[in-house]
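Structure file target_26.pdb (PDB, C-alpha atoms and all ligand atoms) follows.
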ATOM      1  CA  MET O  14     265.153 134.593 -41.033  1.00  0.00           C
ATOM      2  CA  LYS O  15     265.004 138.002 -39.335  1.00  0.00           C
ATOM      3  CA  ARG O  16     262.963 138.587 -36.200  1.00  0.00           C
ATOM      4  CA  VAL O  17     259.508 140.169 -36.839  1.00  0.00           C
ATOM      5  CA  LEU O  18     257.951 141.850 -33.791  1.00  0.00           C
ATOM      6  CA  GLU O  19     254.416 140.963 -32.739  1.00  0.00           C
ATOM      7  CA  PRO O  20     252.038 143.070 -30.588  1.00  0.00           C
ATOM      8  CA  GLU O  21     253.389 143.044 -27.048  1.00  0.00           C
ATOM      9  CA  PHE O  22     250.162 142.665 -25.024  1.00  0.00           C
ATOM     10  CA  MET O  23     247.319 140.203 -25.485  1.00  0.00           C
ATOM     11  CA  ASP O  24     244.434 142.608 -24.929  1.00  0.00           C
ATOM     12  CA  ASP O  25     241.830 141.399 -27.403  1.00  0.00           C
ATOM     13  CA  GLU O  26     239.100 139.321 -25.648  1.00  0.00           C
ATOM     14  CA  GLU O  27     238.738 136.832 -28.504  1.00  0.00           C
ATOM     15  CA  GLN O  28     242.514 136.373 -28.707  1.00  0.00           C
ATOM     16  CA  VAL O  29     242.742 135.887 -24.927  1.00  0.00           C
ATOM     17  CA  LEU O  30     239.943 133.280 -24.886  1.00  0.00           C
ATOM     18  CA  ALA O  31     241.477 131.386 -27.818  1.00  0.00           C
ATOM     19  CA  TYR O  32     244.802 131.353 -25.981  1.00  0.00           C
ATOM     20  CA  ALA O  33     243.245 130.285 -22.674  1.00  0.00           C
ATOM     21  CA  GLU O  34     241.323 127.450 -24.309  1.00  0.00           C
ATOM     22  CA  ALA O  35     244.221 126.128 -26.415  1.00  0.00           C
ATOM     23  CA  ASP O  36     245.952 122.937 -25.350  1.00  0.00           C
ATOM     24  CA  PHE O  37     249.406 123.734 -23.922  1.00  0.00           C
ATOM     25  CA  SER O  38     249.393 120.745 -21.614  1.00  0.00           C
ATOM     26  CA  SER O  39     252.529 119.085 -22.966  1.00  0.00           C
ATOM     27  CA  SER O  40     254.846 122.134 -22.999  1.00  0.00           C
ATOM     28  CA  ASN O  41     253.384 123.537 -19.751  1.00  0.00           C
ATOM     29  CA  GLN O  42     253.817 120.215 -17.957  1.00  0.00           C
ATOM     30  CA  LEU O  43     257.348 119.809 -19.351  1.00  0.00           C
ATOM     31  CA  PHE O  44     258.137 123.258 -17.971  1.00  0.00           C
ATOM     32  CA  VAL O  45     256.718 122.561 -14.515  1.00  0.00           C
ATOM     33  CA  ASP O  46     258.382 119.120 -14.334  1.00  0.00           C
ATOM     34  CA  ARG O  47     261.780 120.662 -15.097  1.00  0.00           C
ATOM     35  CA  LEU O  48     261.172 123.543 -12.686  1.00  0.00           C
ATOM     36  CA  VAL O  49     260.385 121.225  -9.766  1.00  0.00           C
ATOM     37  CA  ALA O  50     263.247 118.853 -10.639  1.00  0.00           C
ATOM     38  CA  GLU O  51     265.817 121.665 -10.923  1.00  0.00           C
ATOM     39  CA  TYR O  52     264.869 123.594  -7.809  1.00  0.00           C
ATOM     40  CA  PRO O  53     263.344 121.324  -5.156  1.00  0.00           C
ATOM     41  CA  SER O  54     264.654 123.634  -2.403  1.00  0.00           C
ATOM     42  CA  ASN O  55     263.458 126.879  -4.017  1.00  0.00           C
ATOM     43  CA  MET O  56     259.731 126.310  -3.880  1.00  0.00           C
ATOM     44  CA  LYS O  57     258.513 128.687  -1.211  1.00  0.00           C
ATOM     45  CA  HIS O  58     257.447 131.745  -3.185  1.00  0.00           C
ATOM     46  CA  VAL O  59     257.550 131.712  -6.980  1.00  0.00           C
ATOM     47  CA  LEU O  60     257.028 134.726  -9.247  1.00  0.00           C
ATOM     48  CA  ASP O  61     255.567 134.079 -12.728  1.00  0.00           C
ATOM     49  CA  LEU O  62     256.196 136.893 -15.244  1.00  0.00           C
ATOM     50  CA  GLY O  63     253.679 137.178 -18.119  1.00  0.00           C
ATOM     51  CA  CYS O  64     251.541 134.441 -16.568  1.00  0.00           C
ATOM     52  CA  GLY O  65     248.797 134.409 -19.223  1.00  0.00           C
ATOM     53  CA  PRO O  66     245.852 132.191 -18.144  1.00  0.00           C
ATOM     54  CA  ALA O  67     247.786 130.890 -15.062  1.00  0.00           C
ATOM     55  CA  ASP O  68     247.877 127.279 -16.213  1.00  0.00           C
ATOM     56  CA  ILE O  69     251.524 127.001 -15.142  1.00  0.00           C
ATOM     57  CA  CYS O  70     250.818 128.430 -11.668  1.00  0.00           C
ATOM     58  CA  ILE O  71     247.980 125.953 -11.188  1.00  0.00           C
ATOM     59  CA  ARG O  72     250.045 122.967 -12.387  1.00  0.00           C
ATOM     60  CA  LEU O  73     252.909 124.005 -10.113  1.00  0.00           C
ATOM     61  CA  VAL O  74     250.756 124.281  -6.984  1.00  0.00           C
ATOM     62  CA  ARG O  75     249.097 120.943  -7.725  1.00  0.00           C
ATOM     63  CA  MET O  76     252.551 119.336  -7.838  1.00  0.00           C
ATOM     64  CA  LYS O  77     253.927 121.276  -4.872  1.00  0.00           C
ATOM     65  CA  PRO O  78     250.990 122.207  -2.627  1.00  0.00           C
ATOM     66  CA  SER O  79     253.158 124.154  -0.181  1.00  0.00           C
ATOM     67  CA  VAL O  80     254.373 126.669  -2.795  1.00  0.00           C
ATOM     68  CA  ARG O  81     252.940 130.182  -3.053  1.00  0.00           C
ATOM     69  CA  VAL O  82     252.822 131.843  -6.465  1.00  0.00           C
ATOM     70  CA  THR O  83     252.571 135.506  -7.374  1.00  0.00           C
ATOM     71  CA  ALA O  84     251.730 135.890 -11.057  1.00  0.00           C
ATOM     72  CA  ILE O  85     251.679 139.076 -13.112  1.00  0.00           C
ATOM     73  CA  ASP O  86     250.403 139.970 -16.566  1.00  0.00           C
ATOM     74  CA  ALA O  87     249.906 143.336 -18.248  1.00  0.00           C
ATOM     75  CA  SER O  88     246.651 142.452 -20.004  1.00  0.00           C
ATOM     76  CA  ALA O  89     243.454 143.152 -18.044  1.00  0.00           C
ATOM     77  CA  ALA O  90     241.545 140.581 -20.113  1.00  0.00           C
ATOM     78  CA  MET O  91     244.204 137.930 -19.465  1.00  0.00           C
ATOM     79  CA  VAL O  92     244.315 138.697 -15.732  1.00  0.00           C
ATOM     80  CA  ARG O  93     240.511 138.255 -15.504  1.00  0.00           C
ATOM     81  CA  VAL O  94     240.775 134.836 -17.183  1.00  0.00           C
ATOM     82  CA  ALA O  95     243.696 133.845 -14.943  1.00  0.00           C
ATOM     83  CA  GLN O  96     241.941 134.917 -11.750  1.00  0.00           C
ATOM     84  CA  GLN O  97     238.847 132.930 -12.724  1.00  0.00           C
ATOM     85  CA  ALA O  98     240.986 129.852 -13.459  1.00  0.00           C
ATOM     86  CA  VAL O  99     242.550 130.143  -9.989  1.00  0.00           C
ATOM     87  CA  VAL O 100     239.108 130.396  -8.372  1.00  0.00           C
ATOM     88  CA  ASP O 101     237.847 127.413 -10.414  1.00  0.00           C
ATOM     89  CA  ALA O 102     240.856 125.420  -9.191  1.00  0.00           C
ATOM     90  CA  ASN O 103     240.157 126.584  -5.616  1.00  0.00           C
ATOM     91  CA  LEU O 104     243.739 127.795  -5.254  1.00  0.00           C
ATOM     92  CA  GLN O 105     243.125 131.407  -4.190  1.00  0.00           C
ATOM     93  CA  ASP O 106     245.177 130.890  -1.010  1.00  0.00           C
ATOM     94  CA  GLN O 107     248.232 129.800  -2.980  1.00  0.00           C
ATOM     95  CA  VAL O 108     248.084 131.811  -6.240  1.00  0.00           C
ATOM     96  CA  THR O 109     247.746 135.607  -6.505  1.00  0.00           C
ATOM     97  CA  VAL O 110     247.349 137.101  -9.972  1.00  0.00           C
ATOM     98  CA  VAL O 111     248.116 140.807 -10.335  1.00  0.00           C
ATOM     99  CA  LYS O 112     247.774 143.126 -13.328  1.00  0.00           C
ATOM    100  CA  ALA O 113     251.224 144.627 -13.704  1.00  0.00           C
ATOM    101  CA  ARG O 114     253.616 145.482 -16.495  1.00  0.00           C
ATOM    102  CA  LEU O 115     257.344 145.119 -16.987  1.00  0.00           C
ATOM    103  CA  PRO O 116     259.625 147.013 -16.756  1.00  0.00           C
ATOM    104  CA  GLY O 117     259.627 148.680 -13.354  1.00  0.00           C
ATOM    105  CA  LEU O 118     257.532 146.167 -11.425  1.00  0.00           C
ATOM    106  CA  SER O 119     256.951 147.139  -7.842  1.00  0.00           C
ATOM    107  CA  LEU O 120     255.283 144.264  -6.003  1.00  0.00           C
ATOM    108  CA  GLU O 121     254.004 144.173  -2.429  1.00  0.00           C
ATOM    109  CA  GLU O 122     256.169 141.150  -1.629  1.00  0.00           C
ATOM    110  CA  ASP O 123     259.664 140.554  -2.954  1.00  0.00           C
ATOM    111  CA  ASP O 124     260.809 137.384  -1.213  1.00  0.00           C
ATOM    112  CA  PHE O 125     260.790 135.199  -4.337  1.00  0.00           C
ATOM    113  CA  ASP O 126     263.144 132.235  -4.252  1.00  0.00           C
ATOM    114  CA  THR O 127     262.345 131.357  -7.868  1.00  0.00           C
ATOM    115  CA  ILE O 128     261.301 133.490 -10.858  1.00  0.00           C
ATOM    116  CA  VAL O 129     259.711 131.731 -13.824  1.00  0.00           C
ATOM    117  CA  SER O 130     258.386 132.775 -17.182  1.00  0.00           C
ATOM    118  CA  LYS O 131     257.132 130.858 -20.203  1.00  0.00           C
ATOM    119  CA  ASP O 132     256.501 132.115 -23.729  1.00  0.00           C
ATOM    120  CA  PHE O 133     256.826 135.741 -22.677  1.00  0.00           C
ATOM    121  CA  LEU O 134     260.313 136.927 -23.635  1.00  0.00           C
ATOM    122  CA  HIS O 135     259.530 137.055 -27.377  1.00  0.00           C
ATOM    123  CA  HIS O 136     256.664 139.506 -26.722  1.00  0.00           C
ATOM    124  CA  LEU O 137     259.102 142.212 -25.682  1.00  0.00           C
ATOM    125  CA  PRO O 138     260.585 144.425 -28.395  1.00  0.00           C
ATOM    126  CA  ASN O 139     263.743 144.768 -26.289  1.00  0.00           C
ATOM    127  CA  PRO O 140     264.744 141.539 -24.479  1.00  0.00           C
ATOM    128  CA  THR O 141     267.216 143.400 -22.255  1.00  0.00           C
ATOM    129  CA  VAL O 142     264.190 144.748 -20.364  1.00  0.00           C
ATOM    130  CA  PHE O 143     263.269 141.199 -19.352  1.00  0.00           C
ATOM    131  CA  TRP O 144     266.708 140.098 -18.092  1.00  0.00           C
ATOM    132  CA  GLN O 145     267.281 143.386 -16.254  1.00  0.00           C
ATOM    133  CA  GLU O 146     263.899 143.041 -14.577  1.00  0.00           C
ATOM    134  CA  LEU O 147     264.832 139.514 -13.465  1.00  0.00           C
ATOM    135  CA  LYS O 148     267.982 140.879 -11.845  1.00  0.00           C
ATOM    136  CA  HIS O 149     266.058 143.743 -10.265  1.00  0.00           C
ATOM    137  CA  LEU O 150     263.432 141.374  -8.763  1.00  0.00           C
ATOM    138  CA  SER O 151     265.923 138.784  -7.548  1.00  0.00           C
ATOM    139  CA  GLN O 152     267.543 138.208  -4.239  1.00  0.00           C
ATOM    140  CA  ARG O 153     271.143 136.979  -4.103  1.00  0.00           C
ATOM    141  CA  HIS O 154     270.398 133.321  -4.807  1.00  0.00           C
ATOM    142  CA  THR O 155     267.123 133.377  -6.760  1.00  0.00           C
ATOM    143  CA  ALA O 156     266.521 130.494  -9.155  1.00  0.00           C
ATOM    144  CA  ILE O 157     265.548 131.286 -12.735  1.00  0.00           C
ATOM    145  CA  CYS O 158     263.489 129.076 -15.045  1.00  0.00           C
ATOM    146  CA  VAL O 159     262.537 130.609 -18.384  1.00  0.00           C
ATOM    147  CA  MET O 160     261.119 128.743 -21.353  1.00  0.00           C
ATOM    148  CA  ASP O 161     260.426 130.356 -24.686  1.00  0.00           C
ATOM    149  CA  LEU O 162     259.982 129.633 -28.367  1.00  0.00           C
ATOM    150  CA  PHE O 163     263.008 129.837 -30.610  1.00  0.00           C
ATOM    151  CA  ARG O 164     262.736 131.274 -34.120  1.00  0.00           C
ATOM    152  CA  PRO O 165     262.492 128.665 -36.881  1.00  0.00           C
ATOM    153  CA  ARG O 166     264.785 128.857 -39.919  1.00  0.00           C
ATOM    154  CA  SER O 167     262.069 130.048 -42.324  1.00  0.00           C
ATOM    155  CA  GLU O 168     258.432 131.112 -42.599  1.00  0.00           C
ATOM    156  CA  ASP O 169     257.631 127.689 -44.047  1.00  0.00           C
ATOM    157  CA  ALA O 170     259.196 125.997 -41.033  1.00  0.00           C
ATOM    158  CA  ALA O 171     257.094 128.243 -38.763  1.00  0.00           C
ATOM    159  CA  LYS O 172     253.919 127.322 -40.689  1.00  0.00           C
ATOM    160  CA  ALA O 173     254.783 123.627 -40.375  1.00  0.00           C
ATOM    161  CA  ILE O 174     255.171 123.943 -36.578  1.00  0.00           C
ATOM    162  CA  VAL O 175     251.829 125.742 -36.297  1.00  0.00           C
ATOM    163  CA  GLU O 176     250.085 123.000 -38.277  1.00  0.00           C
ATOM    164  CA  SER O 177     251.720 120.144 -36.400  1.00  0.00           C
ATOM    165  CA  VAL O 178     251.014 121.591 -32.954  1.00  0.00           C
ATOM    166  CA  SER O 179     247.693 123.394 -33.392  1.00  0.00           C
ATOM    167  CA  ALA O 180     245.915 122.153 -36.517  1.00  0.00           C
ATOM    168  CA  HIS O 181     242.570 122.075 -34.695  1.00  0.00           C
ATOM    169  CA  GLU O 182     242.828 125.429 -32.921  1.00  0.00           C
ATOM    170  CA  PRO O 183     240.898 128.527 -34.158  1.00  0.00           C
ATOM    171  CA  GLU O 184     242.499 130.705 -36.858  1.00  0.00           C
ATOM    172  CA  ILE O 185     243.038 133.609 -34.449  1.00  0.00           C
ATOM    173  CA  PHE O 186     245.163 131.324 -32.274  1.00  0.00           C
ATOM    174  CA  LYS O 187     247.139 129.943 -35.222  1.00  0.00           C
ATOM    175  CA  THR O 188     247.901 133.462 -36.450  1.00  0.00           C
ATOM    176  CA  ASP O 189     249.122 134.445 -32.977  1.00  0.00           C
ATOM    177  CA  PHE O 190     251.264 131.338 -32.731  1.00  0.00           C
ATOM    178  CA  TYR O 191     252.818 131.956 -36.153  1.00  0.00           C
ATOM    179  CA  ASN O 192     253.536 135.587 -35.236  1.00  0.00           C
ATOM    180  CA  SER O 193     255.107 134.438 -31.964  1.00  0.00           C
ATOM    181  CA  LEU O 194     257.447 132.051 -33.783  1.00  0.00           C
ATOM    182  CA  LEU O 195     258.587 134.891 -36.060  1.00  0.00           C
ATOM    183  CA  ALA O 196     259.095 137.201 -33.047  1.00  0.00           C
ATOM    184  CA  ALA O 197     261.095 134.623 -31.094  1.00  0.00           C
ATOM    185  CA  PHE O 198     264.878 134.713 -30.558  1.00  0.00           C
ATOM    186  CA  SER O 199     267.467 132.193 -31.660  1.00  0.00           C
ATOM    187  CA  LEU O 200     269.532 130.479 -28.969  1.00  0.00           C
ATOM    188  CA  ASP O 201     272.585 132.421 -30.124  1.00  0.00           C
ATOM    189  CA  GLU O 202     270.712 135.701 -29.746  1.00  0.00           C
ATOM    190  CA  VAL O 203     269.749 134.766 -26.183  1.00  0.00           C
ATOM    191  CA  ARG O 204     273.366 133.804 -25.420  1.00  0.00           C
ATOM    192  CA  SER O 205     274.524 137.208 -26.614  1.00  0.00           C
ATOM    193  CA  GLN O 206     271.883 138.851 -24.408  1.00  0.00           C
ATOM    194  CA  PHE O 207     273.498 136.989 -21.466  1.00  0.00           C
ATOM    195  CA  ARG O 208     277.007 138.062 -22.492  1.00  0.00           C
ATOM    196  CA  GLU O 209     275.941 141.686 -22.808  1.00  0.00           C
ATOM    197  CA  LEU O 210     274.442 141.685 -19.308  1.00  0.00           C
ATOM    198  CA  GLY O 211     277.027 139.424 -17.637  1.00  0.00           C
ATOM    199  CA  LEU O 212     274.471 136.706 -16.863  1.00  0.00           C
ATOM    200  CA  GLU O 213     275.649 133.147 -16.296  1.00  0.00           C
ATOM    201  CA  PHE O 214     272.593 131.097 -17.155  1.00  0.00           C
ATOM    202  CA  ALA O 215     272.474 127.776 -19.023  1.00  0.00           C
ATOM    203  CA  ILE O 216     270.362 127.441 -22.146  1.00  0.00           C
ATOM    204  CA  GLU O 217     269.305 124.247 -23.885  1.00  0.00           C
ATOM    205  CA  LYS O 218     266.809 123.116 -26.504  1.00  0.00           C
ATOM    206  CA  VAL O 219     264.072 121.083 -24.853  1.00  0.00           C
ATOM    207  CA  SER O 220     261.761 120.468 -27.823  1.00  0.00           C
ATOM    208  CA  GLU O 221     261.423 121.217 -31.530  1.00  0.00           C
ATOM    209  CA  ARG O 222     260.225 124.725 -30.652  1.00  0.00           C
ATOM    210  CA  HIS O 223     261.285 125.582 -27.088  1.00  0.00           C
ATOM    211  CA  PHE O 224     264.475 126.420 -25.219  1.00  0.00           C
ATOM    212  CA  LEU O 225     264.913 126.441 -21.459  1.00  0.00           C
ATOM    213  CA  VAL O 226     267.080 128.822 -19.419  1.00  0.00           C
ATOM    214  CA  THR O 227     268.122 127.810 -15.904  1.00  0.00           C
ATOM    215  CA  GLY O 228     270.508 129.101 -13.272  1.00  0.00           C
ATOM    216  CA  PHE O 229     270.755 131.298 -10.217  1.00  0.00           C
ATOM    217  CA  THR O 230     271.101 135.051 -10.218  1.00  0.00           C
ATOM    218  CA  ASP O 231     274.338 134.806  -8.219  1.00  0.00           C
ATOM    219  CA  GLY O 232     275.865 132.717 -11.023  1.00  0.00           C
ATOM    220  CA  SER O 233     275.866 129.378  -9.183  1.00  0.00           C
ATOM    221  CA  SER O 234     274.748 126.354 -11.162  1.00  0.00           C
ATOM    222  CA  CYS O 235     271.633 124.236 -10.805  1.00  0.00           C
ATOM    223  CA  ARG O 236     271.345 121.228  -8.506  1.00  0.00           C
ATOM    224  CA  GLN O 237     271.086 119.001 -11.561  1.00  0.00           C
ATOM    225  CA  GLN O 238     273.118 120.574 -14.341  1.00  0.00           C
ATOM    226  CA  THR O 239     271.494 118.902 -17.337  1.00  0.00           C
ATOM    227  CA  SER O 240     272.292 121.605 -19.849  1.00  0.00           C
ATOM    228  CA  THR O 241     274.200 120.607 -22.941  1.00  0.00           C
ATOM    229  CA  ASN O 242     274.440 124.235 -24.051  1.00  0.00           C
ATOM    230  CA  ALA O 243     273.018 122.928 -27.323  1.00  0.00           C
TER     231      ALA O 243
HETATM  232  C1  LIG O 301     252.089 134.165 -24.887  1.00  0.00           C
HETATM  233  S1  LIG O 301     251.498 134.688 -23.342  1.00  0.00           S
HETATM  234  C2  LIG O 301     252.243 133.471 -22.279  1.00  0.00           C
HETATM  235  C3  LIG O 301     251.369 133.169 -21.112  1.00  0.00           C
HETATM  236  C4  LIG O 301     251.859 132.096 -20.138  1.00  0.00           C
HETATM  237  N1  LIG O 301     253.173 132.387 -19.584  1.00  0.00           N
HETATM  238  C5  LIG O 301     251.848 130.745 -20.769  1.00  0.00           C
HETATM  239  O1  LIG O 301     252.915 130.213 -21.094  1.00  0.00           O
HETATM  240  O2  LIG O 301     250.746 130.197 -20.958  1.00  0.00           O
HETATM  241  C6  LIG O 301     252.461 136.147 -22.987  1.00  0.00           C
HETATM  242  C7  LIG O 301     251.793 137.032 -21.947  1.00  0.00           C
HETATM  243  O3  LIG O 301     252.673 138.116 -21.628  1.00  0.00           O
HETATM  244  C8  LIG O 301     251.881 139.279 -21.390  1.00  0.00           C
HETATM  245  N2  LIG O 301     252.742 140.474 -21.543  1.00  0.00           N
HETATM  246  C9  LIG O 301     253.229 141.009 -22.685  1.00  0.00           C
HETATM  247  N3  LIG O 301     254.011 142.084 -22.420  1.00  0.00           N
HETATM  248  C10 LIG O 301     254.019 142.235 -21.074  1.00  0.00           C
HETATM  249  C11 LIG O 301     254.666 143.133 -20.169  1.00  0.00           C
HETATM  250  N4  LIG O 301     255.463 144.132 -20.624  1.00  0.00           N
HETATM  251  N5  LIG O 301     254.477 142.981 -18.836  1.00  0.00           N
HETATM  252  C12 LIG O 301     253.685 141.983 -18.370  1.00  0.00           C
HETATM  253  N6  LIG O 301     253.043 141.094 -19.167  1.00  0.00           N
HETATM  254  C13 LIG O 301     253.209 141.206 -20.495  1.00  0.00           C
HETATM  255  C14 LIG O 301     250.775 139.175 -22.416  1.00  0.00           C
HETATM  256  O4  LIG O 301     249.658 139.956 -22.048  1.00  0.00           O
HETATM  257  C15 LIG O 301     250.507 137.656 -22.419  1.00  0.00           C
HETATM  258  O5  LIG O 301     249.467 137.307 -21.546  1.00  0.00           O
END
How would this structure read if it were set down as structure tokens?
Amino acid sequence: MKRVLEPEFMDDEEQVLAYAEADFSSSNQLFVDRLVAEYPSNMKHVLDLGCGPADICIRLVRMKPSVRVTAIDASAAMVRVAQQAVVDANLQDQVTVVKARLPGLSLEEDDFDTIVSKDFLHHLPNPTVFWQELKHLSQRHTAICVMDLFRPRSEDAAKAIVESVSAHEPEIFKTDFYNSLLAAFSLDEVRSQFRELGLEFAIEKVSERHFLVTGFTDGSSCRQQTSTNA
């Protein structure tokens, strides 16, 4: 099945609220568990690209209270929701959410030892923008942890995933989720993005709908190299 682009930003208030209220606990916790396990020594200042409602930032700080997180998202509506979630969690000292858009990010601080991103890559029409921005924002030995959807084999397979994961969510959310699955990349497409840009990251399937990319920007491997390159 060919990739079908979806709207890049999540600007619509109703769409943003449906997304913020949806239950991502299992994939978000899986992501944070892997992040902390892979990079126990790279947890000083983490940058989250396309942070959405900041659930990942909040989970991360609750697991690692000494970490600081800078989180960016291009949608004003999403940033408002994220900032409120951070206040509700009383984590304003640890998590800063900024409205900013890739490419060409220019952030006040740039001392990130880890850059993370979940379910964001597929929003970009051109994925090269994302990987180049990672390189641009990195120091020599910055850890990378990126999780995203991979594209199912067919529209029917995408519909089946939506129903199995989000049967009880509002229609606006299910439509978004379906569109995201169709806009996602295959693992082979992501591998060719790495080849094109000379990136040496590992990629593995971690669930029936997600892949995980790990590695360091200087090409060294992770502390625990669990990738099967599946
Ligand atoms: C599907 S959400 C993922 C949110 C969050 N990472 C999560 O997993 O819950 C993708 C987010 O990326 C944001 N986004 C899309 N294009 C962007 C860009 N060029 N720069 C920054 N954020 C962008 C959208 O506004 C949206 O909030």
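Every protein, DNA or RNA residue with an atom at most 10 Å from Gln152 of chain O, where only C-alpha atoms count and chain neighbours fewer than 5 positions away do not, is listed here: Asp123, Asp124, Phe125, Asp126, Thr127, Leu147, Phe229, Thr230 and Asp231 of chain O.
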Report as JSON lines: every residue of chain O with an atom at most 7 Å from ligand LIG 301 (chain O), its closest pair of atoms, and their distance in Å to one decimal, counting all atoms listed in the file, with rows sorted by chain and ascending residue number.
{"residue": "O:Glu21", "atom": "CA", "partner": "O:LIG301", "partner_atom": "N3", "distance": 4.8}
{"residue": "O:Phe22", "atom": "CA", "partner": "O:LIG301", "partner_atom": "O4", "distance": 4.1}
{"residue": "O:Met23", "atom": "CA", "partner": "O:LIG301", "partner_atom": "O4", "distance": 4.2}
{"residue": "O:Asp24", "atom": "CA", "partner": "O:LIG301", "partner_atom": "O4", "distance": 6.5}
{"residue": "O:Asn41", "atom": "CA", "partner": "O:LIG301", "partner_atom": "O1", "distance": 6.8}
{"residue": "O:Leu62", "atom": "CA", "partner": "O:LIG301", "partner_atom": "C12", "distance": 6.5}
{"residue": "O:Gly63", "atom": "CA", "partner": "O:LIG301", "partner_atom": "O3", "distance": 3.8}
{"residue": "O:Cys64", "atom": "CA", "partner": "O:LIG301", "partner_atom": "N1", "distance": 4.0}
{"residue": "O:Gly65", "atom": "CA", "partner": "O:LIG301", "partner_atom": "C3", "distance": 3.4}
{"residue": "O:Pro66", "atom": "CA", "partner": "O:LIG301", "partner_atom": "O2", "distance": 6.0}
{"residue": "O:Ala67", "atom": "CA", "partner": "O:LIG301", "partner_atom": "C4", "distance": 6.6}
{"residue": "O:Asp68", "atom": "CA", "partner": "O:LIG301", "partner_atom": "O2", "distance": 6.3}
{"residue": "O:Ile69", "atom": "CA", "partner": "O:LIG301", "partner_atom": "O2", "distance": 6.7}
{"residue": "O:Ile85", "atom": "CA", "partner": "O:LIG301", "partner_atom": "C12", "distance": 6.3}
{"residue": "O:Asp86", "atom": "CA", "partner": "O:LIG301", "partner_atom": "N6", "distance": 3.9}
{"residue": "O:Ala87", "atom": "CA", "partner": "O:LIG301", "partner_atom": "N6", "distance": 4.0}
{"residue": "O:Ser88", "atom": "CA", "partner": "O:LIG301", "partner_atom": "O4", "distance": 4.4}
{"residue": "O:Met91", "atom": "CA", "partner": "O:LIG301", "partner_atom": "O5", "distance": 5.7}
{"residue": "O:Ala113", "atom": "CA", "partner": "O:LIG301", "partner_atom": "C12", "distance": 5.9}
{"residue": "O:Arg114", "atom": "CA", "partner": "O:LIG301", "partner_atom": "N5", "distance": 3.5}
{"residue": "O:Leu115", "atom": "CA", "partner": "O:LIG301", "partner_atom": "N5", "distance": 4.0}
{"residue": "O:Pro116", "atom": "CA", "partner": "O:LIG301", "partner_atom": "N4", "distance": 6.4}
{"residue": "O:Ser130", "atom": "CA", "partner": "O:LIG301", "partner_atom": "N1", "distance": 5.8}
{"residue": "O:Lys131", "atom": "CA", "partner": "O:LIG301", "partner_atom": "N1", "distance": 4.3}
{"residue": "O:Asp132", "atom": "CA", "partner": "O:LIG301", "partner_atom": "C2", "distance": 4.7}
{"residue": "O:Phe133", "atom": "CA", "partner": "O:LIG301", "partner_atom": "C6", "distance": 4.4}
{"residue": "O:His136", "atom": "CA", "partner": "O:LIG301", "partner_atom": "C9", "distance": 5.5}
{"residue": "O:Leu137", "atom": "CA", "partner": "O:LIG301", "partner_atom": "N3", "distance": 6.0}
* How many Å separate atom CA of Glu27 of chain O from atom CA of Glu221 of chain O? ->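 Going from atom CA of Glu27 of chain O over to atom CA of Glu221 of chain O covers 27.7 Å.
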* Select, from O:Asn55, O:Ser177, O:Ser119, O:Thr227, the residue with the minimum atom-to-atom distance to Phe190 of chain O, counting only C-alpha atoms. =>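 Between O:Asn55, O:Ser177, O:Ser119, O:Thr227, the residue approaching Phe190 of chain O most closely is O:Ser177.
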* May I ask which of the residues O:Arg81, O:Glu26, O:Lys218, O:Ala102 is the closest one to Asp61 of chain O, counting all atoms listed in the file? =>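 Closest to Asp61 of chain O, using all atoms listed in the file: O:Arg81.
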* Could you spell out the hits of the PyMOL selection byres (((chain O and resi 172) around 10) and not hetatm) on the shown file, as an MDAnalysis selection string? -> chainID O and resid 165 167:171 173:177 187:188 190:192 194
* Asked: Can you tell me how far atom CA of Gly228 of chain O sits from atom CA of Cys158 of chain O, in Å to one decimal?
  ->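 Distance between the two atoms: 7.2 Å.
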* What lies within 10 Å of Ser233 of chain O using all atoms listed in the file, ignoring chain neighbours under 6 positions off, as a list in words? ->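 Final neighbour list, sorted by chain and number: His154, Thr155, Ala156, Glu213 and Phe214 of chain O.
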